[in-house]
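Colleague: First, the structure itself, so that you have it in front of you.
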Amino acid sequence: MKKSSNYYMDLEHHYGAHNYHPIPAILSKGEGIYVWDVEGNKYMDFLAAYSAVNQGHCHPRLVKVMQEQCQKLTLTSRAYYNDQLGEWEKYTANLFGYDKMLPMNSGAEADETALKLLRKWAYEVKGIPENEAKIVVCDGNFHGRTITIVSMSSDPSAYGGYGPYTPGFIRIPYNDLDALEEVLKDPLVAGLLIEPIQAEAGVYVPNDGFIHNASLLCKRHNCLLVADEVQTGLGRTGRMLACDHEGVRPDILVLGKAISGGMLPVSCVLADDEIMLTIRPGEHGSTYGGNPLAAVVAVEALKIIEDEDLITNSELLGKIFREEMKHIPSRYIKEVRGKGLLNAIEIDAASPKSAWDLCLELKDRGILAKPTHDYNIRFTPPLVINEAQLREAIEIIKDVLVNI
Ligand code: PLP
């Protein structure tokens, strides 16, 4: 017998931890920008698994390479070599212009890896006395959920109750070059870890020139710039990397999410030898990191972004989306923010409907989106969306924001 939506929700509620508050759509199928729930309703996915599904759900090329590799070899651990990892490392290092790549699984793990590299570089290359290195981060940051990462957070719902916290971080306001310059004067500072656009915080786009000037300040003070492009990277903002908008090459680049097009958890860190080779055999690793299945999927996922010109699509459709949203005569909209297809609408806190209420309304009309931080609705469809599909979604969003 076919099971109802309530059956699946009750099951998760009863047996699963309560660390999420999902939109009540119980999905069982996906293709391109569409997902279907267990009752057969079809939706446009305007979250795309927090930008992990840039290539669209179940992209046939990813399904194909994954199936083929599954039948050959999936996991060796790094106790041995495998015949796919080196190819992935070469492809990615060349594509992004770094000497080396280090593979991990989740975005948080890749950020932790970047923090380790930053500290190792601080002690071995910059010459900061052991255990005294400081790392600069920004208010509103989101880099994942580990204890060290939440130690950097300014969001009580991310860090509250998880102390004691990892020391060694200095937090400054986002988008504030004066504050950055001041802290970089401290010779114990190793570098700056930053999102070029703060996505989780509510899609906050810094002033033009901010990342460029931040990178110059880091260079001037012999500090490294670490860009967390886990969410902003891989075409999401209308460039391969959000840093590309300002011609910035971070010293350490962190990628995740869409590097596997939603097929399995894959992340990686890129850096040049002076930084990467400070970690030696036995000093860092992961059982699944660098597995051959991840390797073939990651290479194919990157090729799809290029072959299907998803970056141009993201830039062009993003402009249309923001232009249309900015002209909606809605009492709910306080601000429209974004770049490429990474966008958010900030809902006026005084309006009679919350971002959550509006997302439920959108769901009933066939669009799945999710609030971030109470007042923002993020709109980040898969980058394979076409103009007709986007315009169809825009009409629905307009109707909800104007007429309810
Ligand atoms: N960094 C950024 C910028 C993110 O947006 C996220 C997740 O949303 C992460 C890191 C953490 O990635 P993961 O959930 O794969 O650990």
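Each chain in the structure tokens gets a letter, A, B, ..., in the order shown, and its residues are numbered from 1; ligands are numbered from 1 in order too.
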Do you know which residues are within 10 Å of ligand 1 using only C-alpha atoms and all ligand atoms? Can you write them as number ranges by chain?
Modeller: A: 49-52, 105-112, 141-146, 149, 194-201, 227-233, 254-258, 265-267
Colleague: Tell me, as a PDB file with N, CA, C and O atoms, in the first residue's frame, which residues lie within 9 Å of Ile211 (chain A), counting only C-alpha atoms; anything in the same chain fewer than 4 positions away does not count.
Modeller:
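As written to disk, selection-v8.pdb reads:
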ATOM      1  N   ASN A 175      32.820  42.695   5.545  1.00  0.00           N
ATOM      2  CA  ASN A 175      32.775  43.830   4.625  1.00  0.00           C
ATOM      3  C   ASN A 175      33.384  45.088   5.243  1.00  0.00           C
ATOM      4  O   ASN A 175      32.966  46.192   4.931  1.00  0.00           O
ATOM      5  N   PRO A 196      33.268  34.708   0.136  1.00  0.00           N
ATOM      6  CA  PRO A 196      33.203  35.905  -0.726  1.00  0.00           C
ATOM      7  C   PRO A 196      31.805  36.512  -0.785  1.00  0.00           C
ATOM      8  O   PRO A 196      31.653  37.695  -1.057  1.00  0.00           O
ATOM      9  N   PRO A 206      29.239  41.568  -0.293  1.00  0.00           N
ATOM     10  CA  PRO A 206      30.015  42.721   0.187  1.00  0.00           C
ATOM     11  C   PRO A 206      30.128  43.792  -0.896  1.00  0.00           C
ATOM     12  O   PRO A 206      29.793  43.552  -2.055  1.00  0.00           O
ATOM     13  N   ASN A 207      30.643  44.964  -0.501  1.00  0.00           N
ATOM     14  CA  ASN A 207      30.834  46.052  -1.475  1.00  0.00           C
ATOM     15  C   ASN A 207      31.758  45.609  -2.597  1.00  0.00           C
ATOM     16  O   ASN A 207      32.656  44.785  -2.377  1.00  0.00           O
ATOM     17  N   SER A 215      42.317  40.873  -0.194  1.00  0.00           N
ATOM     18  CA  SER A 215      43.451  40.036  -0.625  1.00  0.00           C
ATOM     19  C   SER A 215      44.740  40.856  -0.650  1.00  0.00           C
ATOM     20  O   SER A 215      45.807  40.363  -0.268  1.00  0.00           O
ATOM     21  N   LEU A 216      44.639  42.134  -1.059  1.00  0.00           N
ATOM     22  CA  LEU A 216      45.844  42.987  -1.055  1.00  0.00           C
ATOM     23  C   LEU A 216      46.345  43.201   0.377  1.00  0.00           C
ATOM     24  O   LEU A 216      47.554  43.151   0.646  1.00  0.00           O
ATOM     25  N   CYS A 243      35.212  34.580  -6.147  1.00  0.00           N
ATOM     26  CA  CYS A 243      36.421  35.419  -6.138  1.00  0.00           C
ATOM     27  C   CYS A 243      36.786  35.907  -7.540  1.00  0.00           C
ATOM     28  O   CYS A 243      37.449  36.939  -7.692  1.00  0.00           O
ATOM     29  N   GLU A 246      36.313  39.498  -8.902  1.00  0.00           N
ATOM     30  CA  GLU A 246      37.270  40.581  -8.627  1.00  0.00           C
ATOM     31  C   GLU A 246      38.700  40.164  -8.933  1.00  0.00           C
ATOM     32  O   GLU A 246      39.648  40.777  -8.434  1.00  0.00           O
ATOM     33  N   VAL A 248      40.457  37.733  -7.939  1.00  0.00           N
ATOM     34  CA  VAL A 248      41.233  37.349  -6.747  1.00  0.00           C
ATOM     35  C   VAL A 248      41.532  35.854  -6.778  1.00  0.00           C
ATOM     36  O   VAL A 248      40.651  35.038  -7.033  1.00  0.00           O
TER      37      VAL A 248
END
Colleague: Can you list, as a PDB file with N, CA, C and O atoms, in the first residue's frame, every protein, DNA or RNA residue that comes within 6 Å of Leu270 (chain A) when you count only C-alpha atoms, leaving out same-chain residues fewer than 2 positions away?
Modeller:
ATOM      1  N   LYS A 100      48.486  21.860  -5.942  1.00  0.00           N
ATOM      2  CA  LYS A 100      47.979  20.608  -5.391  1.00  0.00           C
ATOM      3  C   LYS A 100      46.560  20.718  -4.844  1.00  0.00           C
ATOM      4  O   LYS A 100      46.106  21.799  -4.471  1.00  0.00           O
ATOM      5  N   MET A 101      45.915  19.519  -4.787  1.00  0.00           N
ATOM      6  CA  MET A 101      44.567  19.403  -4.233  1.00  0.00           C
ATOM      7  C   MET A 101      44.572  18.365  -3.122  1.00  0.00           C
ATOM      8  O   MET A 101      45.269  17.358  -3.222  1.00  0.00           O
ATOM      9  N   ILE A 252      44.409  29.747  -0.317  1.00  0.00           N
ATOM     10  CA  ILE A 252      43.815  28.421  -0.073  1.00  0.00           C
ATOM     11  C   ILE A 252      42.348  28.515  -0.516  1.00  0.00           C
ATOM     12  O   ILE A 252      41.631  29.436  -0.120  1.00  0.00           O
ATOM     13  N   LEU A 253      41.948  27.566  -1.350  1.00  0.00           N
ATOM     14  CA  LEU A 253      40.578  27.554  -1.876  1.00  0.00           C
ATOM     15  C   LEU A 253      39.853  26.309  -1.359  1.00  0.00           C
ATOM     16  O   LEU A 253      40.381  25.196  -1.462  1.00  0.00           O
TER      17      LEU A 253
END
Colleague: What are the nearest atom pairs, with distances in Å to one decimal, for all residues of region 169-283 of chain A that come at most 7 Å from region 340-346 of chain A, using only C-alpha atoms, set out by chain and rising residue number as JSON lines?
Modeller:
{"residue": "A:Gly202", "atom": "CA", "partner": "A:Ala344", "partner_atom": "CA", "distance": 6.6}
{"residue": "A:Val203", "atom": "CA", "partner": "A:Ala344", "partner_atom": "CA", "distance": 5.9}
{"residue": "A:Arg236", "atom": "CA", "partner": "A:Leu341", "partner_atom": "CA", "distance": 5.7}
{"residue": "A:Thr237", "atom": "CA", "partner": "A:Gly340", "partner_atom": "CA", "distance": 3.9}
{"residue": "A:Gly238", "atom": "CA", "partner": "A:Gly340", "partner_atom": "CA", "distance": 4.3}
Colleague: Just the residues within 10 Å of Gly261 (chain A), please, counting only C-alpha atoms, with nothing from its chain fewer than 6 positions along; format it as number ranges by chain.
Modeller: A: 48-49, 51-59, 62, 234, 297-298, 300-302, 304-305, 382
Colleague: Based on the backbone DSSP call, show me all residues of region 213-372 of chain A assigned helix (DSSP H, G or I), as a PyMOL selection string.
Modeller: chain A and resi 213-220+242-246+257-260+273-276+292-307+310-326+355-364
Colleague: Quick one: which region 74-130 of chain A residues come within 7 Å of region 272-278 of chain A, and what is the nearest atom pair for each with the distance in Å to one decimal, counting only C-alpha atoms, rows ordered by chain and ascending number, as a tab-separated table?
Modeller:
residue	atom	partner	partner_atom	distance
A:Tyr98	CA	A:Asp272	CA	5.4
A:Asp99	CA	A:Asp272	CA	4.5
A:Lys100	CA	A:Asp272	CA	5.9
A:Leu117	CA	A:Ile275	CA	6.6
A:Lys120	CA	A:Thr278	CA	6.1
A:Trp121	CA	A:Ile275	CA	5.8
Colleague: Pull N, CA, C and O atoms from the residues just selected and write them as a tab-separated table (two decimals), in the first residue's frame.
Modeller:
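And here's out-v4.tsv as it stands now:
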chain	number	residue	atom	x	y	z
A	98	TYR	N	46.26	25.71	-9.19
A	98	TYR	CA	47.05	25.50	-7.96
A	98	TYR	C	47.99	24.31	-8.16
A	98	TYR	O	47.76	23.46	-9.02
A	99	ASP	N	49.04	24.25	-7.32
A	99	ASP	CA	49.98	23.11	-7.42
A	99	ASP	C	49.29	21.81	-7.02
A	99	ASP	O	49.52	20.77	-7.63
A	100	LYS	N	48.49	21.86	-5.94
A	100	LYS	CA	47.98	20.61	-5.39
A	100	LYS	C	46.56	20.72	-4.84
A	100	LYS	O	46.11	21.80	-4.47
A	117	LEU	N	45.99	23.74	7.56
A	117	LEU	CA	47.05	24.22	6.65
A	117	LEU	C	47.50	25.62	7.03
A	117	LEU	O	48.70	25.93	7.02
A	120	LYS	N	49.67	25.34	10.13
A	120	LYS	CA	50.97	24.72	9.81
A	120	LYS	C	51.86	25.74	9.09
A	120	LYS	O	53.04	25.88	9.38
A	121	TRP	N	51.26	26.43	8.12
A	121	TRP	CA	52.02	27.42	7.34
A	121	TRP	C	52.51	28.53	8.27
A	121	TRP	O	53.64	28.99	8.17
Colleague: Can you list, as a CSV table (one decimal) with N, CA, C and O atoms, in the first residue's frame, every protein, DNA or RNA residue that comes within 7 Å of Asn82 (chain A) when you count only C-alpha atoms, leaving out same-chain residues fewer than 3 positions away?
Modeller:
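Below is the file around_2.csv, written as the result:
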chain,number,residue,atom,x,y,z
A,76,THR,N,39.2,2.5,-1.6
A,76,THR,CA,40.5,1.8,-1.3
A,76,THR,C,41.1,2.3,0.0
A,76,THR,O,41.9,1.6,0.6
A,85,LEU,N,42.2,8.8,-8.4
A,85,LEU,CA,42.5,10.0,-7.5
A,85,LEU,C,43.4,11.0,-8.2
A,85,LEU,O,43.2,12.2,-8.3
A,292,PRO,N,37.9,6.5,-5.3
A,292,PRO,CA,37.8,6.6,-6.7
A,292,PRO,C,36.4,6.9,-7.2
A,292,PRO,O,36.2,7.5,-8.3
Colleague: Could you give me, as a PDB file with N, CA, C and O atoms, in the first residue's frame, each residue of region 157-304 of chain A that DSSP assigns to strand (DSSP E or B) when run on this structure's backbone?
Modeller:
ATOM      1  N   PHE A 169      40.818  32.461  17.306  1.00  0.00           N
ATOM      2  CA  PHE A 169      40.114  33.183  16.243  1.00  0.00           C
ATOM      3  C   PHE A 169      39.818  34.612  16.664  1.00  0.00           C
ATOM      4  O   PHE A 169      39.533  34.878  17.822  1.00  0.00           O
ATOM      5  N   ILE A 170      39.904  35.516  15.691  1.00  0.00           N
ATOM      6  CA  ILE A 170      39.514  36.908  15.929  1.00  0.00           C
ATOM      7  C   ILE A 170      38.375  37.197  14.964  1.00  0.00           C
ATOM      8  O   ILE A 170      38.510  36.956  13.763  1.00  0.00           O
ATOM      9  N   ARG A 171      37.269  37.692  15.490  1.00  0.00           N
ATOM     10  CA  ARG A 171      36.132  37.993  14.609  1.00  0.00           C
ATOM     11  C   ARG A 171      36.015  39.486  14.372  1.00  0.00           C
ATOM     12  O   ARG A 171      36.093  40.279  15.304  1.00  0.00           O
ATOM     13  N   ILE A 172      35.840  39.836  13.091  1.00  0.00           N
ATOM     14  CA  ILE A 172      35.665  41.246  12.732  1.00  0.00           C
ATOM     15  C   ILE A 172      34.355  41.370  11.948  1.00  0.00           C
ATOM     16  O   ILE A 172      33.853  40.365  11.431  1.00  0.00           O
ATOM     17  N   VAL A 189      48.891  36.950  13.492  1.00  0.00           N
ATOM     18  CA  VAL A 189      47.788  36.563  12.594  1.00  0.00           C
ATOM     19  C   VAL A 189      48.345  35.808  11.377  1.00  0.00           C
ATOM     20  O   VAL A 189      49.271  36.262  10.715  1.00  0.00           O
ATOM     21  N   ALA A 190      47.747  34.628  11.129  1.00  0.00           N
ATOM     22  CA  ALA A 190      48.194  33.785  10.005  1.00  0.00           C
ATOM     23  C   ALA A 190      47.419  34.090   8.733  1.00  0.00           C
ATOM     24  O   ALA A 190      47.965  33.976   7.630  1.00  0.00           O
ATOM     25  N   GLY A 191      46.138  34.426   8.888  1.00  0.00           N
ATOM     26  CA  GLY A 191      45.358  34.664   7.675  1.00  0.00           C
ATOM     27  C   GLY A 191      43.901  34.941   7.960  1.00  0.00           C
ATOM     28  O   GLY A 191      43.470  34.995   9.116  1.00  0.00           O
ATOM     29  N   LEU A 192      43.174  35.112   6.856  1.00  0.00           N
ATOM     30  CA  LEU A 192      41.745  35.431   6.903  1.00  0.00           C
ATOM     31  C   LEU A 192      40.970  34.302   6.237  1.00  0.00           C
ATOM     32  O   LEU A 192      41.271  33.923   5.106  1.00  0.00           O
ATOM     33  N   LEU A 193      39.986  33.749   6.954  1.00  0.00           N
ATOM     34  CA  LEU A 193      39.062  32.776   6.355  1.00  0.00           C
ATOM     35  C   LEU A 193      37.756  33.495   6.068  1.00  0.00           C
ATOM     36  O   LEU A 193      37.145  34.061   6.989  1.00  0.00           O
ATOM     37  N   ILE A 194      37.325  33.463   4.805  1.00  0.00           N
ATOM     38  CA  ILE A 194      36.163  34.288   4.457  1.00  0.00           C
ATOM     39  C   ILE A 194      35.308  33.643   3.358  1.00  0.00           C
ATOM     40  O   ILE A 194      35.826  32.921   2.500  1.00  0.00           O
ATOM     41  N   GLN A 198      28.345  35.943   1.901  1.00  0.00           N
ATOM     42  CA  GLN A 198      27.862  35.142   3.035  1.00  0.00           C
ATOM     43  C   GLN A 198      26.489  34.577   2.691  1.00  0.00           C
ATOM     44  O   GLN A 198      25.467  35.267   2.810  1.00  0.00           O
ATOM     45  N   TYR A 204      24.562  37.828   1.879  1.00  0.00           N
ATOM     46  CA  TYR A 204      25.101  39.185   1.998  1.00  0.00           C
ATOM     47  C   TYR A 204      26.274  39.345   1.036  1.00  0.00           C
ATOM     48  O   TYR A 204      27.278  38.657   1.142  1.00  0.00           O
ATOM     49  N   LEU A 224      47.675  34.763   4.825  1.00  0.00           N
ATOM     50  CA  LEU A 224      47.033  34.033   3.730  1.00  0.00           C
ATOM     51  C   LEU A 224      45.544  34.359   3.651  1.00  0.00           C
ATOM     52  O   LEU A 224      44.887  34.543   4.684  1.00  0.00           O
ATOM     53  N   LEU A 225      45.041  34.384   2.416  1.00  0.00           N
ATOM     54  CA  LEU A 225      43.599  34.531   2.202  1.00  0.00           C
ATOM     55  C   LEU A 225      43.021  33.146   1.911  1.00  0.00           C
ATOM     56  O   LEU A 225      43.424  32.492   0.940  1.00  0.00           O
ATOM     57  N   VAL A 226      42.118  32.708   2.764  1.00  0.00           N
ATOM     58  CA  VAL A 226      41.440  31.415   2.564  1.00  0.00           C
ATOM     59  C   VAL A 226      40.004  31.700   2.162  1.00  0.00           C
ATOM     60  O   VAL A 226      39.253  32.310   2.926  1.00  0.00           O
ATOM     61  N   ALA A 227      39.620  31.277   0.946  1.00  0.00           N
ATOM     62  CA  ALA A 227      38.243  31.522   0.489  1.00  0.00           C
ATOM     63  C   ALA A 227      37.435  30.247   0.636  1.00  0.00           C
ATOM     64  O   ALA A 227      37.777  29.209   0.057  1.00  0.00           O
ATOM     65  N   ASP A 228      36.372  30.346   1.412  1.00  0.00           N
ATOM     66  CA  ASP A 228      35.430  29.233   1.517  1.00  0.00           C
ATOM     67  C   ASP A 228      34.394  29.418   0.408  1.00  0.00           C
ATOM     68  O   ASP A 228      33.479  30.230   0.522  1.00  0.00           O
ATOM     69  N   ILE A 252      44.409  29.747  -0.317  1.00  0.00           N
ATOM     70  CA  ILE A 252      43.815  28.421  -0.073  1.00  0.00           C
ATOM     71  C   ILE A 252      42.348  28.515  -0.516  1.00  0.00           C
ATOM     72  O   ILE A 252      41.631  29.436  -0.120  1.00  0.00           O
ATOM     73  N   LEU A 253      41.948  27.566  -1.350  1.00  0.00           N
ATOM     74  CA  LEU A 253      40.578  27.554  -1.876  1.00  0.00           C
ATOM     75  C   LEU A 253      39.853  26.309  -1.359  1.00  0.00           C
ATOM     76  O   LEU A 253      40.381  25.196  -1.462  1.00  0.00           O
ATOM     77  N   VAL A 254      38.662  26.528  -0.802  1.00  0.00           N
ATOM     78  CA  VAL A 254      37.887  25.417  -0.233  1.00  0.00           C
ATOM     79  C   VAL A 254      36.636  25.204  -1.088  1.00  0.00           C
ATOM     80  O   VAL A 254      35.852  26.130  -1.288  1.00  0.00           O
ATOM     81  N   LEU A 255      36.466  23.971  -1.588  1.00  0.00           N
ATOM     82  CA  LEU A 255      35.307  23.634  -2.420  1.00  0.00           C
ATOM     83  C   LEU A 255      34.559  22.440  -1.842  1.00  0.00           C
ATOM     84  O   LEU A 255      35.157  21.593  -1.179  1.00  0.00           O
ATOM     85  N   SER A 267      34.471  16.950  -1.053  1.00  0.00           N
ATOM     86  CA  SER A 267      34.993  18.312  -0.903  1.00  0.00           C
ATOM     87  C   SER A 267      36.486  18.274  -1.170  1.00  0.00           C
ATOM     88  O   SER A 267      37.076  17.190  -1.269  1.00  0.00           O
ATOM     89  N   CYS A 268      37.095  19.436  -1.283  1.00  0.00           N
ATOM     90  CA  CYS A 268      38.547  19.460  -1.469  1.00  0.00           C
ATOM     91  C   CYS A 268      39.103  20.834  -1.138  1.00  0.00           C
ATOM     92  O   CYS A 268      38.363  21.816  -1.024  1.00  0.00           O
ATOM     93  N   VAL A 269      40.423  20.840  -0.945  1.00  0.00           N
ATOM     94  CA  VAL A 269      41.147  22.077  -0.663  1.00  0.00           C
ATOM     95  C   VAL A 269      42.260  22.191  -1.691  1.00  0.00           C
ATOM     96  O   VAL A 269      42.917  21.190  -2.010  1.00  0.00           O
ATOM     97  N   LEU A 270      42.458  23.409  -2.215  1.00  0.00           N
ATOM     98  CA  LEU A 270      43.526  23.642  -3.189  1.00  0.00           C
ATOM     99  C   LEU A 270      44.509  24.668  -2.649  1.00  0.00           C
ATOM    100  O   LEU A 270      44.103  25.656  -2.028  1.00  0.00           O
ATOM    101  N   ALA A 271      45.788  24.418  -2.885  1.00  0.00           N
ATOM    102  CA  ALA A 271      46.824  25.369  -2.467  1.00  0.00           C
ATOM    103  C   ALA A 271      48.116  25.041  -3.206  1.00  0.00           C
ATOM    104  O   ALA A 271      48.233  23.964  -3.821  1.00  0.00           O
TER     105      ALA A 271
END
Colleague: Nearest residue to Pro187 (chain A) out of A:Gly127, A:Pro24, A:Gly262, A:Pro164, using only C-alpha atoms?
Modeller: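 Ranked by minimum distance to Pro187 (chain A), first place goes to A:Gly127.
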Colleague: Which neighbours of Thr148 (chain A) fall inside 9 Å, counting only C-alpha atoms, when residues of the same chain fewer than 6 positions from it are skipped, and could you give them as JSON, numbers by chain?
Modeller: {"A": [112, 165, 166, 167]}
Colleague: If I take CA of Glu335 (chain A) and CA of Phe379 (chain A), how far is one from the other in Å, to one decimal?
Modeller: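 Calculated distance between CA of Glu335 (chain A) and CA of Phe379 (chain A) is 13.3 Å.
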